[in-house]
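Structure record follows, encoded as structure tokens.
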Amino acid sequence: MNFVALRMLTGDRAKYFGLVFAIAFCTFLLENQTSIFASIMRRTASQILDVTDAEVWVMDPKTEYWDQTKALKDTDLTRVRGVTGVAWAVRLFKGSPVAKTLQGRFAVSVLLGLDDATLSGAPRKMLLGSWERLREPDSMIIDQAGYVLLFPGEPLELGRILEMNDHRVTIVGISDASAPFLSVPIMHTRYSEAVNFLGRERTQLSFIIARPLPGTSPAELAERIAARTSLRARTTQQFMWDGIGYYLRNTGIPVNFGITILVALIVGTVVAGQTFYLFTVENLKQFGALKAMGVTNPRLVGMILLQAVSVAALGFGLGTGMAATFFEIFRHKLATRGIVLLWQCAGLTGACILFVVAMASILSIRRVLVLEPAEVFR
Amino acid sequence: MSLAVSCRAVRKHFGEGDTRIEALRGVEFDARFGELSFLVGPSGCGKTTLISVIAGLLDRTDGDLSVLGVEVDDLAPAERILFRRKNVGFLFQQYNLLPAFTAAENVAVPLLIAGISRKEALDRAGSLLSRLGLSHRIHALPSKLSGGQQQRVALARALIHEPRLVICDEPTAALDHASGEAVMSLLAGNAVHPDRAVIVVTHDTRVFHYAQSIAHMDDGRIAKVTRKEA
């Protein structure tokens, strides 16, 4: 009887394709918008996640997210190092200097100053050069997107000069840093150089990054540092979510994306659900005839569920294919790098589609179950 | 000839109170094996209700009903469905063919319901359609068939699983005279069998000559039965 169910489904080509494409486009819209939203939110934590050697971030108690920094005292580093369970703790500077090319192009940048001795937090994904060359005087590493922004149309090459706060800085490496929330260049240099590139202030220490000793979890260490120093200490993941939470609470991004996602869900639900419901209702006479010929109610329920699952699986697969193609195309563009189809979004969308089709099926099944087989004589 | 269907004082009502309708008011009706038994009468006299009760599609309110020697009331609902699946074939006024299925696939449906493999079901359907003169239309969809051809496909579907009781509801009502005659001729030639009873509900007086017995219904009762002399 599975054959009968599937042929009933595919027999009316117009309705069948309408149903499949309604689900496919609903899937595409949901996966597309939720993935872009999630990827943009993730971008707010790109520079945190790029620091792979540290697991705990220490900052001013009032700091809420990455872009909001207030300098710590130099003595705070010693206090953090004194906390039990700290394997190592080093300084990390973050500033936003203006970088200028010799041709006059300029851009506000994110400049990260790494501990001079260890270079902890240096970019590990290098496209050109090596991060060890940061030990050279007046050197810096710039990310690819920042390079293209400052030197448009020119090939990637080392040795180019940028001017920051009257300092000539040589590019000794080009990294593949994760895309930041704003499209600004990401630069890495040593801590002692970074403070000069921005201009001296009385205190300069933006963050302390630390790693726990084996046997101590990052969360445990973060709690311990906070308790001992009265500073704010967060694990990498916690700090990432702090930033995402800040943007969700304080910007219009979630509302704008939320509206699109809601519209996609409502339109998809109405179109796919209603089409499937009408499909079954229009076939009531046929289901009645099958009932009269001896098909049991459980078998009819199985047939309708098979139709629902088939159409949902095909529509979802098609929509996911469209979404994957979309993201694959834009993944290679610098401006949209890192914006990918997230499996969590695909899973969530799949659950939504299944829910919609299940609801439509339940309504349809009810009509079929209460159908009197004698109706076929009417 | 022995009785395939025996109705004794069968009653059926719908609704209760002011909306109560007595559809069958003590029907006495027999259908014999090897015969075409016609059930005729004006609209609303209870013909459709009676064949629905006989087929086990509706429960009667009162009376005794024996179908193929089985007291239908003794069967559990699931057994009744299995009994109908195995023993009853239907021919509907509007054919009720599945529009997405070819002629052969439509005919094969009762076999598929019975769990027979698709290949065997389609082979048997093809053979029967050929016997009914539709060998050239086996792969045609219902929408590509004339009314007479569709009813012949429906007739093949009613007979494919070799049921012992065939119930036909106005099989010629949607057909012109020639097509109706052709369908009735095929019905008489292929459905009538010593171990099978055929009940035909019809208004079409032009096909009465095919009947071995004609039960005239009126107001929920069998008013008169006429039998063709052998």
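Each chain of the structure tokens is named A, B, ... in the order shown, its residues numbered from 1; ligands are numbered from 1 in display order.
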
- request: Run DSSP on the backbone of this structure and report the residues of range 199-241 of chain A it assigns to strand (DSSP E), as a VMD selection string.
  value: chain A and resid 207 to 212 232 to 235

Produce a file of the selected residues containing C-alpha atoms, as a JSON list (two decimals), in the first residue's frame.
[["chain", "number", "residue", "atom", "x", "y", "z"],
["A", 207, "PHE", "CA", 42.64, 42.11, 28.96],
["A", 208, "ILE", "CA", 44.58, 39.44, 30.75],
["A", 209, "ILE", "CA", 44.36, 36.06, 29.08],
["A", 210, "ALA", "CA", 45.15, 32.97, 31.11],
["A", 211, "ARG", "CA", 45.20, 29.23, 30.95],
["A", 212, "PRO", "CA", 44.42, 26.87, 33.83],
["A", 232, "ARG", "CA", 35.56, 39.99, 35.85],
["A", 233, "ALA", "CA", 36.84, 36.62, 34.64],
["A", 234, "ARG", "CA", 35.09, 34.64, 31.93],
["A", 235, "THR", "CA", 35.88, 31.53, 29.97]]

Each chain B residue no farther than 7 Å from chain A, nearest pair in Å, only C-alpha atoms, as CSV:
residue,atom,partner,partner_atom,distance
B:Thr48,CA,A:Phe377,CA,6.7
B:Ser52,CA,A:Ala374,CA,5.9
B:Leu57,CA,A:Ala374,CA,5.3
B:Leu58,CA,A:Ala374,CA,6.7
B:Ile81,CA,A:Gly294,CA,5.2
B:Leu82,CA,A:Gly294,CA,6.3
B:Arg84,CA,A:Gly294,CA,5.9
B:Arg85,CA,A:Gly294,CA,4.3
B:Phe92,CA,A:Phe377,CA,6.7
B:Asn96,CA,A:Gln286,CA,6.6
B:Leu98,CA,A:Gln286,CA,6.4
B:Ala100,CA,A:Gly11,CA,4.2
B:Pro110,CA,A:Met293,CA,6.7
B:Leu112,CA,A:Met1,CA,6.2
B:Ile113,CA,A:Met1,CA,6.4
B:Asp169,CA,A:Phe377,CA,7.0

field: Contact residues around range 130-147 of chain B with only C-alpha atoms at 10 Å, ignoring same-chain residues under 4 positions, as a count of residues only
entry: 34

query: For Cys352 in chain A, which residue out of A:Ala226, A:Met240, A:Leu112, A:Ile261 is the nearest one, using only C-alpha atoms?
result: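 The shortest atom-to-atom distance to Cys352 in chain A comes from A:Ile261.
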
- prompt: Hey, what does DSSP flag as alpha helix (DSSP H) within range 60-167 of chain B? Can you give it to me as a count of residues only?
  reply: 49

message: Excluding Ala22 in chain A and its own-chain neighbours fewer than 2 positions away, which residues fall within 10 Å of it when counting only C-alpha atoms? Please give them as a ChimeraX atom specification.
response: /A:16-20,24-28,267-273,275,312,315-316,319

Selection to disk with N, CA and C atoms, as a PDB file, in the first residue's frame:
ATOM      1  N   TYR A  16       1.690  18.330  -6.246  1.00  0.00           N
ATOM      2  CA  TYR A  16       2.856  17.694  -5.632  1.00  0.00           C
ATOM      3  C   TYR A  16       4.056  18.641  -5.646  1.00  0.00           C
ATOM      4  N   PHE A  17       4.310  19.226  -6.822  1.00  0.00           N
ATOM      5  CA  PHE A  17       5.462  20.135  -6.900  1.00  0.00           C
ATOM      6  C   PHE A  17       5.207  21.404  -6.081  1.00  0.00           C
ATOM      7  N   GLY A  18       3.946  21.841  -6.067  1.00  0.00           N
ATOM      8  CA  GLY A  18       3.601  23.009  -5.245  1.00  0.00           C
ATOM      9  C   GLY A  18       3.929  22.749  -3.787  1.00  0.00           C
ATOM     10  N   LEU A  19       3.573  21.556  -3.345  1.00  0.00           N
ATOM     11  CA  LEU A  19       3.800  21.163  -1.948  1.00  0.00           C
ATOM     12  C   LEU A  19       5.306  21.073  -1.654  1.00  0.00           C
ATOM     13  N   VAL A  20       6.022  20.408  -2.549  1.00  0.00           N
ATOM     14  CA  VAL A  20       7.465  20.225  -2.339  1.00  0.00           C
ATOM     15  C   VAL A  20       8.181  21.579  -2.353  1.00  0.00           C
ATOM     16  N   ALA A  24      10.285  23.506   0.353  1.00  0.00           N
ATOM     17  CA  ALA A  24      11.693  23.795   0.014  1.00  0.00           C
ATOM     18  C   ALA A  24      12.009  25.270   0.248  1.00  0.00           C
ATOM     19  N   PHE A  25      11.131  26.163  -0.197  1.00  0.00           N
ATOM     20  CA  PHE A  25      11.412  27.588  -0.037  1.00  0.00           C
ATOM     21  C   PHE A  25      11.309  28.015   1.423  1.00  0.00           C
ATOM     22  N   CYS A  26      10.381  27.399   2.138  1.00  0.00           N
ATOM     23  CA  CYS A  26      10.267  27.670   3.572  1.00  0.00           C
ATOM     24  C   CYS A  26      11.566  27.241   4.265  1.00  0.00           C
ATOM     25  N   THR A  27      12.053  26.060   3.900  1.00  0.00           N
ATOM     26  CA  THR A  27      13.307  25.554   4.459  1.00  0.00           C
ATOM     27  C   THR A  27      14.461  26.485   4.127  1.00  0.00           C
ATOM     28  N   PHE A  28      14.525  26.884   2.856  1.00  0.00           N
ATOM     29  CA  PHE A  28      15.619  27.756   2.410  1.00  0.00           C
ATOM     30  C   PHE A  28      15.612  29.066   3.205  1.00  0.00           C
ATOM     31  N   VAL A 267       4.467  31.957   6.577  1.00  0.00           N
ATOM     32  CA  VAL A 267       4.119  31.714   5.171  1.00  0.00           C
ATOM     33  C   VAL A 267       4.343  30.244   4.829  1.00  0.00           C
ATOM     34  N   GLY A 268       5.474  29.712   5.265  1.00  0.00           N
ATOM     35  CA  GLY A 268       5.774  28.303   4.998  1.00  0.00           C
ATOM     36  C   GLY A 268       4.745  27.392   5.627  1.00  0.00           C
ATOM     37  N   THR A 269       4.378  27.709   6.868  1.00  0.00           N
ATOM     38  CA  THR A 269       3.410  26.877   7.587  1.00  0.00           C
ATOM     39  C   THR A 269       2.067  26.913   6.878  1.00  0.00           C
ATOM     40  N   VAL A 270       1.634  28.127   6.559  1.00  0.00           N
ATOM     41  CA  VAL A 270       0.306  28.267   5.942  1.00  0.00           C
ATOM     42  C   VAL A 270       0.280  27.579   4.580  1.00  0.00           C
ATOM     43  N   VAL A 271       1.289  27.870   3.767  1.00  0.00           N
ATOM     44  CA  VAL A 271       1.278  27.326   2.400  1.00  0.00           C
ATOM     45  C   VAL A 271       1.444  25.805   2.413  1.00  0.00           C
ATOM     46  N   ALA A 272       2.499  25.337   3.111  1.00  0.00           N
ATOM     47  CA  ALA A 272       2.768  23.891   3.104  1.00  0.00           C
ATOM     48  C   ALA A 272       1.671  23.129   3.849  1.00  0.00           C
ATOM     49  N   GLY A 273       1.304  23.624   5.019  1.00  0.00           N
ATOM     50  CA  GLY A 273       0.290  22.942   5.826  1.00  0.00           C
ATOM     51  C   GLY A 273      -1.054  22.908   5.123  1.00  0.00           C
ATOM     52  N   THR A 275      -1.693  23.349   1.920  1.00  0.00           N
ATOM     53  CA  THR A 275      -1.666  22.567   0.673  1.00  0.00           C
ATOM     54  C   THR A 275      -1.782  21.080   0.982  1.00  0.00           C
ATOM     55  N   ALA A 312       7.811  16.065   3.122  1.00  0.00           N
ATOM     56  CA  ALA A 312       8.626  16.899   4.024  1.00  0.00           C
ATOM     57  C   ALA A 312      10.108  16.629   3.788  1.00  0.00           C
ATOM     58  N   GLY A 315      11.092  18.119   0.313  1.00  0.00           N
ATOM     59  CA  GLY A 315      11.114  19.584   0.376  1.00  0.00           C
ATOM     60  C   GLY A 315      12.253  20.080   1.232  1.00  0.00           C
ATOM     61  N   PHE A 316      12.454  19.429   2.355  1.00  0.00           N
ATOM     62  CA  PHE A 316      13.542  19.845   3.264  1.00  0.00           C
ATOM     63  C   PHE A 316      14.903  19.624   2.598  1.00  0.00           C
ATOM     64  N   GLY A 319      15.358  22.259  -0.103  1.00  0.00           N
ATOM     65  CA  GLY A 319      15.597  23.570   0.513  1.00  0.00           C
ATOM     66  C   GLY A 319      16.978  23.647   1.129  1.00  0.00           C
TER      67      GLY A 319
END

message: At a cut-off of 7 Å, using only C-alpha atoms, what residues contact Thr170 in chain A? Leave out same-chain residues fewer than 3 positions from it and give the result as an MDAnalysis selection string.
response: chainID A and resid 138:140 159:162

Give me a file of those residues, with N, CA and C atoms, as a PDB file, in the first residue's frame.
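Done, and the output landed in out.pdb:
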ATOM      1  N   ASP A 138      58.815  47.168  14.967  1.00  0.00           N
ATOM      2  CA  ASP A 138      57.799  47.849  14.140  1.00  0.00           C
ATOM      3  C   ASP A 138      57.149  46.909  13.108  1.00  0.00           C
ATOM      4  N   SER A 139      56.811  45.745  13.582  1.00  0.00           N
ATOM      5  CA  SER A 139      56.207  44.763  12.668  1.00  0.00           C
ATOM      6  C   SER A 139      54.754  44.493  13.075  1.00  0.00           C
ATOM      7  N   MET A 140      54.008  44.054  12.167  1.00  0.00           N
ATOM      8  CA  MET A 140      52.616  43.688  12.468  1.00  0.00           C
ATOM      9  C   MET A 140      52.087  42.671  11.449  1.00  0.00           C
ATOM     10  N   GLY A 159      56.076  43.164   3.581  1.00  0.00           N
ATOM     11  CA  GLY A 159      57.006  44.295   3.482  1.00  0.00           C
ATOM     12  C   GLY A 159      56.319  45.624   3.231  1.00  0.00           C
ATOM     13  N   ARG A 160      55.019  45.616   3.031  1.00  0.00           N
ATOM     14  CA  ARG A 160      54.322  46.884   2.810  1.00  0.00           C
ATOM     15  C   ARG A 160      54.290  47.682   4.120  1.00  0.00           C
ATOM     16  N   ILE A 161      54.180  48.970   3.965  1.00  0.00           N
ATOM     17  CA  ILE A 161      54.269  49.863   5.123  1.00  0.00           C
ATOM     18  C   ILE A 161      52.898  50.472   5.443  1.00  0.00           C
ATOM     19  N   LEU A 162      52.578  50.533   6.718  1.00  0.00           N
ATOM     20  CA  LEU A 162      51.403  51.262   7.188  1.00  0.00           C
ATOM     21  C   LEU A 162      51.877  52.279   8.223  1.00  0.00           C
TER      22      LEU A 162
END

Residues of range 44-119 of chain B at most 10 Å from range 7-21 of chain B: nearest atom pair and distance in Å, only C-alpha atoms, as a Markdown table:
| residue | atom | partner | partner_atom | distance |
| --- | --- | --- | --- | --- |
| B:Gly46 | CA | B:Lys12 | CA | 9.4 |
| B:Thr49 | CA | B:Lys12 | CA | 8.1 |
| B:Leu50 | CA | B:Lys12 | CA | 8.5 |
| B:Val53 | CA | B:Lys12 | CA | 8.5 |
| B:Ile54 | CA | B:Cys7 | CA | 8.3 |
| B:Leu58 | CA | B:Lys12 | CA | 9.0 |
| B:Asp59 | CA | B:Lys12 | CA | 7.8 |
| B:Arg60 | CA | B:Lys12 | CA | 5.0 |
| B:Thr61 | CA | B:Lys12 | CA | 4.6 |
| B:Asp62 | CA | B:Arg11 | CA | 4.9 |
| B:Gly63 | CA | B:Val10 | CA | 4.1 |
| B:Asp64 | CA | B:Arg8 | CA | 5.0 |
| B:Leu65 | CA | B:Cys7 | CA | 4.7 |
| B:Ser66 | CA | B:Cys7 | CA | 6.6 |
| B:Val67 | CA | B:Cys7 | CA | 8.6 |

message: Taking 4 positions as the minimum chain separation for residues in the same chain, which residues sit within 10 Å of Val172 in chain A when counting only C-alpha atoms? Answer as JSON, numbers by chain.
response: {"A": [128, 129, 130, 131, 132, 133, 134, 135, 136, 138, 139, 140, 141, 142, 157, 158, 159, 160, 161, 189]}

With only C-alpha atoms as the counted atoms, please give the residues lying no more than 9 Å from range 97-110 of chain A, apart from itself and same-chain residues fewer than 2 positions off, as an mmCIF file with C-alpha atoms, in the first residue's frame.
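Produced file around-v9.cif, reproduced below:
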data_model
loop_
_atom_site.group_PDB
_atom_site.id
_atom_site.type_symbol
_atom_site.label_atom_id
_atom_site.label_comp_id
_atom_site.auth_asym_id
_atom_site.auth_seq_id
_atom_site.Cartn_x
_atom_site.Cartn_y
_atom_site.Cartn_z
ATOM 1 C CA LYS A 94 43.124 45.938 22.318
ATOM 2 C CA GLY A 95 42.857 49.288 20.636
ATOM 3 C CA LEU A 112 45.758 43.452 19.300
ATOM 4 C CA GLY A 146 42.000 44.259 6.054
ATOM 5 C CA LEU A 149 40.553 47.006 2.215
ATOM 6 C CA LEU A 150 43.746 49.052 2.508
ATOM 7 C CA PHE A 151 45.432 47.836 -0.685
ATOM 8 C CA ARG A 160 54.322 46.884 2.810
ATOM 9 C CA ILE A 161 54.269 49.863 5.123
ATOM 10 C CA LEU A 162 51.403 51.262 7.188
ATOM 11 C CA GLU A 163 51.495 54.387 9.293
ATOM 12 C CA MET A 164 49.933 54.403 12.740
ATOM 13 C CA ASN A 165 50.283 57.283 15.183
ATOM 14 C CA VAL A 184 37.664 46.567 9.822
ATOM 15 C CA PRO A 185 41.235 45.275 9.509
ATOM 16 C CA ILE A 186 42.448 42.998 12.306
ATOM 17 C CA MET A 187 46.064 43.613 13.203
ATOM 18 C CA HIS A 188 48.373 41.815 15.568
ATOM 19 C CA PHE A 197 50.836 52.667 17.713
ATOM 20 C CA LEU A 198 47.787 54.007 19.491
ATOM 21 C CA GLY A 199 49.225 56.691 21.726
#

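One finds CA of Leu119 in chain A at 17.3 Å from CA of Val58 in chain A.
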